[in-house]
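Text of query-v9.cif (mmCIF, C-alpha atoms) as supplied:
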data_target
#
loop_
_atom_site.label_atom_id
_atom_site.label_comp_id
_atom_site.auth_asym_id
_atom_site.auth_seq_id
_atom_site.Cartn_x
_atom_site.Cartn_y
_atom_site.Cartn_z
CA MET A 1 23.03 2.30 50.45
CA ASN A 2 24.24 4.26 47.45
CA LYS A 3 23.50 2.70 44.09
CA TYR A 4 27.11 3.12 42.96
CA SER A 5 30.37 2.70 44.85
CA HIS A 6 33.00 5.47 44.82
CA SER A 7 35.09 3.60 42.22
CA GLN A 8 32.02 3.03 40.02
CA LEU A 9 31.14 6.73 40.21
CA SER A 10 34.71 7.61 39.27
CA ARG A 11 34.55 5.38 36.22
CA LEU A 12 31.16 6.81 35.22
CA THR A 13 32.46 10.36 35.62
CA LEU A 14 35.55 9.56 33.54
CA SER A 15 33.42 7.95 30.82
CA ALA A 16 31.14 10.98 30.71
CA ALA A 17 34.16 13.29 30.49
CA VAL A 18 35.63 11.29 27.62
CA LEU A 19 32.30 11.32 25.77
CA LEU A 20 31.97 15.06 26.32
CA SER A 21 35.51 15.72 25.09
CA VAL A 22 34.94 13.67 21.93
CA THR A 23 31.63 15.43 21.25
CA THR A 24 33.22 18.83 21.85
CA ALA A 25 36.18 18.02 19.60
CA ALA A 26 33.83 16.89 16.82
CA ARG A 27 31.97 20.23 16.90
CA ALA A 28 34.61 22.79 17.92
CA ASP A 29 35.68 23.80 14.40
CA LEU A 30 32.56 22.86 12.47
CA LEU A 31 32.35 25.53 9.80
CA TYR A 32 29.50 24.06 7.75
CA HIS A 33 26.80 21.60 8.74
CA PHE A 34 23.82 20.81 6.53
CA PRO A 35 21.38 18.25 7.97
CA PHE A 36 18.88 19.56 5.35
CA GLU A 37 16.17 20.08 7.94
CA ASN A 38 15.65 22.55 10.78
CA ALA A 39 14.86 21.92 14.44
CA ALA A 40 11.18 21.60 13.59
CA GLY A 41 11.93 18.85 11.07
CA GLU A 42 11.18 21.06 8.06
CA LYS A 43 13.21 21.21 4.83
CA SER A 44 16.11 23.62 5.09
CA LEU A 45 19.35 24.71 3.45
CA ALA A 46 20.46 26.59 6.57
CA ASN A 47 24.04 26.13 7.68
CA THR A 48 24.04 25.20 11.36
CA GLY A 49 27.87 25.43 11.51
CA LYS A 50 29.61 28.45 12.99
CA VAL A 51 29.86 30.33 9.65
CA GLY A 52 26.05 30.48 9.46
CA GLY A 53 23.97 31.53 6.48
CA ASP A 54 22.07 29.49 3.92
CA ALA A 55 23.43 27.48 1.01
CA ALA A 56 22.39 28.80 -2.40
CA ALA A 57 20.77 26.11 -4.56
CA LYS A 58 21.72 26.52 -8.21
CA SER A 59 19.80 24.70 -10.94
CA VAL A 60 21.01 23.83 -14.43
CA ASP A 61 18.83 23.43 -17.52
CA GLY A 62 15.77 23.47 -15.28
CA ILE A 63 17.10 20.59 -13.15
CA GLU A 64 17.10 21.25 -9.42
CA SER A 65 18.23 19.42 -6.32
CA GLU A 66 15.38 17.61 -4.57
CA PHE A 67 14.63 16.98 -0.90
CA THR A 68 14.00 13.32 -0.16
CA ARG A 69 12.79 11.37 2.86
CA ASN A 70 15.16 8.56 1.97
CA THR A 71 17.89 9.19 4.57
CA PRO A 72 20.57 7.14 6.36
CA SER A 73 18.74 7.26 9.68
CA GLY A 74 15.22 6.98 8.31
CA ARG A 75 14.46 10.42 9.74
CA GLY A 76 14.40 13.95 8.35
CA TYR A 77 15.52 14.88 4.84
CA ALA A 78 18.44 14.35 2.48
CA LEU A 79 19.16 16.14 -0.79
CA SER A 80 19.19 14.34 -4.14
CA PHE A 81 21.08 15.66 -7.17
CA PRO A 82 19.68 14.58 -10.57
CA MET A 83 21.95 14.85 -13.59
CA SER A 84 21.25 16.35 -17.00
CA GLY A 85 20.39 14.02 -19.88
CA ASN A 86 23.99 13.71 -21.04
CA CYS A 87 25.20 13.48 -17.41
CA GLN A 88 27.61 16.37 -17.96
CA GLY A 89 25.78 18.82 -15.72
CA GLY A 90 23.73 18.97 -12.57
CA PRO A 91 22.49 21.27 -9.81
CA ARG A 92 24.81 22.38 -7.03
CA LEU A 93 24.92 24.12 -3.66
CA VAL A 94 27.11 27.16 -3.10
CA LEU A 95 28.26 27.50 0.52
CA PRO A 96 27.82 30.89 2.21
CA GLN A 97 30.85 33.10 2.93
CA SER A 98 33.15 30.39 1.62
CA GLU A 99 35.40 32.45 -0.67
CA GLY A 100 38.17 32.89 1.90
CA LYS A 101 37.65 29.59 3.72
CA LEU A 102 39.89 26.51 3.61
CA LEU A 103 42.54 27.88 1.27
CA LEU A 104 45.01 25.19 2.42
CA ASN A 105 47.91 27.40 1.36
CA LYS A 106 49.92 27.54 4.61
CA PRO A 107 51.55 25.08 7.00
CA ASP A 108 49.48 23.79 9.92
CA GLN A 109 46.14 24.20 8.14
CA ALA A 110 43.70 21.31 8.10
CA MET A 111 40.29 20.22 6.88
CA THR A 112 37.71 17.45 7.32
CA ILE A 113 34.82 16.73 4.96
CA ALA A 114 32.29 14.16 6.14
CA VAL A 115 29.00 13.30 4.44
CA TRP A 116 26.52 10.49 3.86
CA LEU A 117 26.42 9.54 0.19
CA LYS A 118 23.97 7.34 -1.70
CA TRP A 119 25.88 6.85 -4.94
CA ARG A 120 24.06 5.74 -8.09
CA GLY A 121 27.24 4.87 -9.98
CA PRO A 122 28.93 6.08 -13.17
CA ASP A 123 25.83 5.76 -15.39
CA LYS A 124 26.59 7.74 -18.59
CA HIS A 125 28.89 10.14 -16.76
CA PRO A 126 31.44 11.61 -19.19
CA SER A 127 34.33 11.68 -16.70
CA PHE A 128 36.00 9.31 -14.27
CA GLU A 129 35.36 11.83 -11.47
CA GLN A 130 32.18 13.18 -9.88
CA GLY A 131 32.37 16.18 -7.56
CA ILE A 132 31.26 15.90 -3.92
CA VAL A 133 32.73 19.09 -2.38
CA ASN A 134 35.14 21.37 -4.18
CA LYS A 135 36.93 24.68 -4.32
CA LEU A 136 38.67 23.89 -7.59
CA SER A 137 39.04 26.63 -10.16
CA SER A 138 37.49 26.22 -13.60
CA ASN A 139 40.93 25.57 -15.13
CA SER A 140 41.81 23.07 -12.33
CA LYS A 141 45.03 24.96 -11.52
CA THR A 142 44.09 26.31 -8.07
CA GLY A 143 42.10 25.09 -5.10
CA TRP A 144 41.05 21.53 -4.32
CA SER A 145 38.25 18.99 -4.79
CA PHE A 146 36.89 15.92 -2.99
CA VAL A 147 35.41 13.51 -5.55
CA ILE A 148 34.30 9.95 -6.20
CA THR A 149 35.61 8.12 -9.26
CA ASP A 150 33.69 5.99 -11.74
CA LYS A 151 35.00 2.91 -9.89
CA GLY A 152 33.77 4.17 -6.52
CA ASN A 153 37.16 5.22 -5.13
CA LEU A 154 37.35 8.44 -3.16
CA ALA A 155 39.86 11.00 -4.41
CA PHE A 156 41.31 14.33 -3.34
CA MET A 157 42.46 16.61 -6.16
CA ILE A 158 44.88 19.50 -5.63
CA GLY A 159 44.84 22.14 -8.35
CA GLY A 160 48.03 22.16 -10.37
CA ILE A 161 49.63 19.41 -8.28
CA GLY A 162 47.82 16.08 -8.64
CA GLN A 163 45.48 13.71 -6.89
CA ARG A 164 45.38 10.80 -4.45
CA PHE A 165 42.91 7.90 -4.32
CA SER A 166 41.46 5.58 -1.69
CA ALA A 167 42.09 1.88 -2.06
CA GLY A 168 38.57 1.17 -0.76
CA THR A 169 35.45 1.77 -2.83
CA VAL A 170 31.92 3.01 -2.15
CA PRO A 171 29.08 0.55 -2.90
CA LEU A 172 26.17 1.36 -5.19
CA ASN A 173 22.70 2.48 -4.10
CA VAL A 174 23.18 2.25 -0.32
CA TRP A 175 23.78 5.04 2.15
CA THR A 176 27.50 5.13 2.90
CA HIS A 177 29.38 7.54 5.14
CA VAL A 178 32.46 8.96 3.39
CA ALA A 179 35.04 11.30 4.86
CA MET A 180 38.47 12.72 4.24
CA THR A 181 40.91 14.57 6.48
CA LEU A 182 43.90 16.63 5.35
CA LYS A 183 46.79 18.36 7.10
CA THR A 184 48.87 20.65 4.93
CA ASN A 185 52.02 19.73 6.85
CA GLY A 186 51.44 16.09 5.87
CA GLY A 187 48.62 13.61 6.20
CA LEU A 188 45.66 12.70 3.99
CA ARG A 189 43.15 10.07 5.13
CA PHE A 190 39.98 8.61 3.61
CA TYR A 191 37.22 6.89 5.57
CA ILE A 192 34.36 4.69 4.37
CA ASN A 193 31.69 3.97 6.99
CA GLY A 194 34.10 5.15 9.66
CA GLN A 195 36.90 2.80 8.63
CA ASP A 196 40.24 4.22 7.55
CA THR A 197 40.91 3.04 3.99
CA PRO A 198 44.52 3.18 2.70
CA LEU A 199 45.68 5.51 -0.04
CA THR A 200 47.01 4.06 -3.27
CA MET A 201 49.87 6.57 -2.88
CA GLU A 202 50.72 8.62 0.21
CA LEU A 203 50.61 12.42 0.22
CA GLY A 204 53.27 14.43 2.03
CA PRO A 205 53.16 18.12 2.95
CA VAL A 206 51.14 20.14 0.48
CA LYS A 207 50.53 23.80 -0.34
CA CYS A 208 47.52 24.60 -2.47
CA LEU A 209 47.53 27.53 -4.84
CA PRO A 210 44.61 29.46 -3.33
CA ASN A 211 41.66 31.09 -5.05
CA ASP A 212 38.76 33.22 -3.89
CA ASP A 213 36.12 30.96 -5.45
CA PHE A 214 33.16 29.65 -3.47
CA ILE A 215 33.03 26.14 -2.09
CA ASN A 216 30.55 24.13 -4.18
CA VAL A 217 28.73 20.91 -3.35
CA ALA A 218 27.75 18.15 -5.80
CA VAL A 219 29.74 19.31 -8.85
CA GLN A 220 33.37 19.57 -9.94
CA GLY A 221 34.86 23.03 -10.37
CA GLN A 222 32.96 26.31 -10.28
CA GLU A 223 30.31 25.53 -12.87
CA PHE A 224 27.67 22.82 -13.27
CA TYR A 225 30.01 20.20 -14.70
CA LEU A 226 30.80 16.64 -13.63
CA PRO A 227 28.09 16.33 -10.96
CA VAL A 228 27.80 13.63 -8.35
CA ASN A 229 25.26 10.98 -9.31
CA GLY A 230 23.44 10.49 -6.04
CA ALA A 231 22.09 11.99 -2.83
CA LEU A 232 23.87 13.61 0.13
CA ASP A 233 22.96 13.99 3.79
CA ASP A 234 24.47 15.45 6.96
CA LEU A 235 27.29 17.29 5.24
CA ARG A 236 29.95 18.56 7.67
CA ILE A 237 33.08 20.57 6.90
CA TYR A 238 35.65 21.36 9.61
CA ASP A 239 38.82 23.44 9.59
CA GLU A 240 40.65 20.73 11.52
CA ALA A 241 41.53 17.10 10.81
CA LEU A 242 39.26 15.01 13.01
CA PRO A 243 40.75 11.88 14.59
CA ALA A 244 39.45 8.47 13.54
CA ASP A 245 37.34 8.10 16.70
CA ASP A 246 35.41 11.27 15.86
CA ILE A 247 34.77 10.10 12.30
CA GLU A 248 33.40 6.84 13.67
CA MET A 249 31.17 8.81 16.05
CA LEU A 250 29.66 10.73 13.12
CA VAL A 251 28.76 7.42 11.46
CA LYS A 252 27.06 6.07 14.58
CA GLU A 253 25.18 9.33 15.13
CA ASN A 254 23.07 8.91 11.99
CA GLN A 255 22.69 5.16 11.81
CA PRO A 256 19.11 3.91 12.13
CA ALA A 257 18.04 2.79 15.56
CA PRO A 258 18.20 -1.01 16.02
CA ALA A 259 14.93 -2.85 15.63
CA PRO A 260 13.31 -3.71 18.98
CA ALA A 261 13.92 -7.24 20.20
CA PHE A 262 11.06 -9.65 19.51
CA SER A 263 9.21 -10.74 22.61
CA GLN A 264 6.72 -13.55 22.90
CA PRO A 265 3.33 -12.24 24.08
CA ALA A 266 2.23 -13.50 27.43
CA PRO A 267 -0.46 -16.22 27.29
CA ALA A 268 -3.98 -15.03 27.91
CA ALA A 269 -5.25 -15.54 31.41
CA LYS A 270 -7.64 -18.41 31.80
#

Please, can you express the file's structure as structure tokens?
Amino acid sequence: MNKYSHSQLSRLTLSAAVLLSVTTAARADLLYHFPFENAAGEKSLANTGKVGGDAAAKSVDGIESEFTRNTPSGRGYALSFPMSGNCQGGPRLVLPQSEGKLLLNKPDQAMTIAVWLKWRGPDKHPSFEQGIVNKLSSNSKTGWSFVITDKGNLAFMIGGIGQRFSAGTVPLNVWTHVAMTLKTNGGLRFYINGQDTPLTMELGPVKCLPNDDFINVAVQGQEFYLPVNGALDDLRIYDEALPADDIEMLVKENQPAPAPAFSQPAPAAK
């Protein structure tokens, strides 16, 4: 007798197809992906997204980003970003071939940024904003930036236009998955640990004033200013707006495995 009936096999096939379609959708337009280790488990700044290349690590005042074994899943590496003494500056990553990417200056363009963040808080930071990923110009008039505020709210800044904030906040000193999706024809969403958090004010259709600056990670603007106070892991940037189910899948993918159930040892044979 077959292990599964025809109807059971149909359901299993459908479930597998759905899982495959979700996985494919989550990877189809993945421009940048930095797990911060390679297939052999070694430290790496290689981009495994379709753009390829390596991120360039830039130090400031002798302060460099640091690989750490403290990760969301308990495996591999993350990257920690120390701040300068006055908290005004910090190291950054410059993404390869990113000058002409994600300009967000035409209808029907889109973007997703998803990353694990262990945020250390405002500390002595001189600004209410700390950069996570940005393409903002030095004068803040062109491009865009994804930041966290001193209160832990997520924010998306559009050069020369304004900014929008999440109602939800990121906790201190714990790994938290944060994400944002944007459609230029209308639609900005923030996610904290896979859960859609409302905006304090909605954002309609938007057209960014583009620039040919690089995309930077862990600072605000094109210099070393207003750095994020924390560590990042599994950074992903897409040129599409992922649906909520895919964001939730990214959270589950890097959660630690559940502890094995406790079992009572069998009594010794007499």

Do you know which residues lie at most 6 Å from (20.8, 13.3, -7.8), with coordinates as in the file and all atoms listed in the file counted, and could you write them as an MDAnalysis selection string? chainID A and resid 80:82 229:231

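With the shown file loaded, the PyMOL selection byres ((chain A and resi 162) around 12) picks out Ser140, Lys141, Thr142, Gly143, Trp144, Ser145, Ala155, Phe156, Met157, Ile158, Gly159, Gly160, Ile161, Gln163, Arg164, Phe165, Met201, Glu202, Leu203, Val206, Lys207 and Cys208 of chain A.
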
Quote the spacing between atom CA of A:His177 and atom CA of A:Asp246 in Å to one decimal place.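 Separating atom CA of A:His177 from atom CA of A:Asp246 is a distance of 12.9 Å.
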
Report as an MDAnalysis selection string all protein, DNA and RNA residues lying within 10 Å of A:Ile215, evaluated on only C-alpha atoms, omitting residues in the same chain fewer than 3 positions from it. chainID A and resid 93:102 133:136 143:145 212 221:222

Would you kindly translate the PyMOL selection byres ((chain A and resi 173) around 12) into the concrete residues it picks from this file, as a PyMOL selection string? chain A and resi 70-72+116-122+152+170-172+174-176+229-232

What lies within 8 Å of A:Met180 using all atoms listed in the file, ignoring chain neighbours under 2 positions off, as a PyMOL selection string? chain A and resi 112-114+178+182+188-191

Rank nothing, just name the residue among A:Tyr238, A:Asp245, A:Val219, A:Pro227 nearest to A:Gln195, using all atoms listed in the file.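 Smallest distance to A:Gln195 is found for A:Asp245.
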
Can you spell out as JSON, numbers by chain the set of residues that the PyMOL selection byres ((chain A and resi 147) around 6) selects in the structure I just provided? {"A": [130, 131, 132, 146, 148, 154, 155]}

Contacts of A:Lys106 within 8 Å, all atoms listed in the file, excl. fewer than 2 positions in-chain, as a ChimeraX atom specification: /A:104,108-109,184,207

Produce a file of the selected residues containing C-alpha atoms, as a PDB file, in the frame of the given file.
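out.pdb, freshly written:
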ATOM      1  CA  LEU A 104      45.010  25.190   2.420  1.00  0.00           C
ATOM      2  CA  ASP A 108      49.480  23.790   9.920  1.00  0.00           C
ATOM      3  CA  GLN A 109      46.140  24.200   8.140  1.00  0.00           C
ATOM      4  CA  THR A 184      48.870  20.650   4.930  1.00  0.00           C
ATOM      5  CA  LYS A 207      50.530  23.800  -0.340  1.00  0.00           C
TER       6      LYS A 207
END

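If you measure from each of A:Asn86, A:Glu253, A:Asp239, A:Arg92 to A:Ala56 using all atoms listed in the file, the closest one turns out to be A:Arg92.
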
Name the residues within 7 Å of (44.8, 2.9, 1.1), counting only C-alpha atoms in the file's coordinates, and put them as number ranges by chain. A: 166-168, 197-200

Select, from A:Gly62, A:His125, A:Asn254, A:Asp29, the residue with the minimum atom-to-atom distance to A:Ala241, counting only C-alpha atoms. A:Asp29
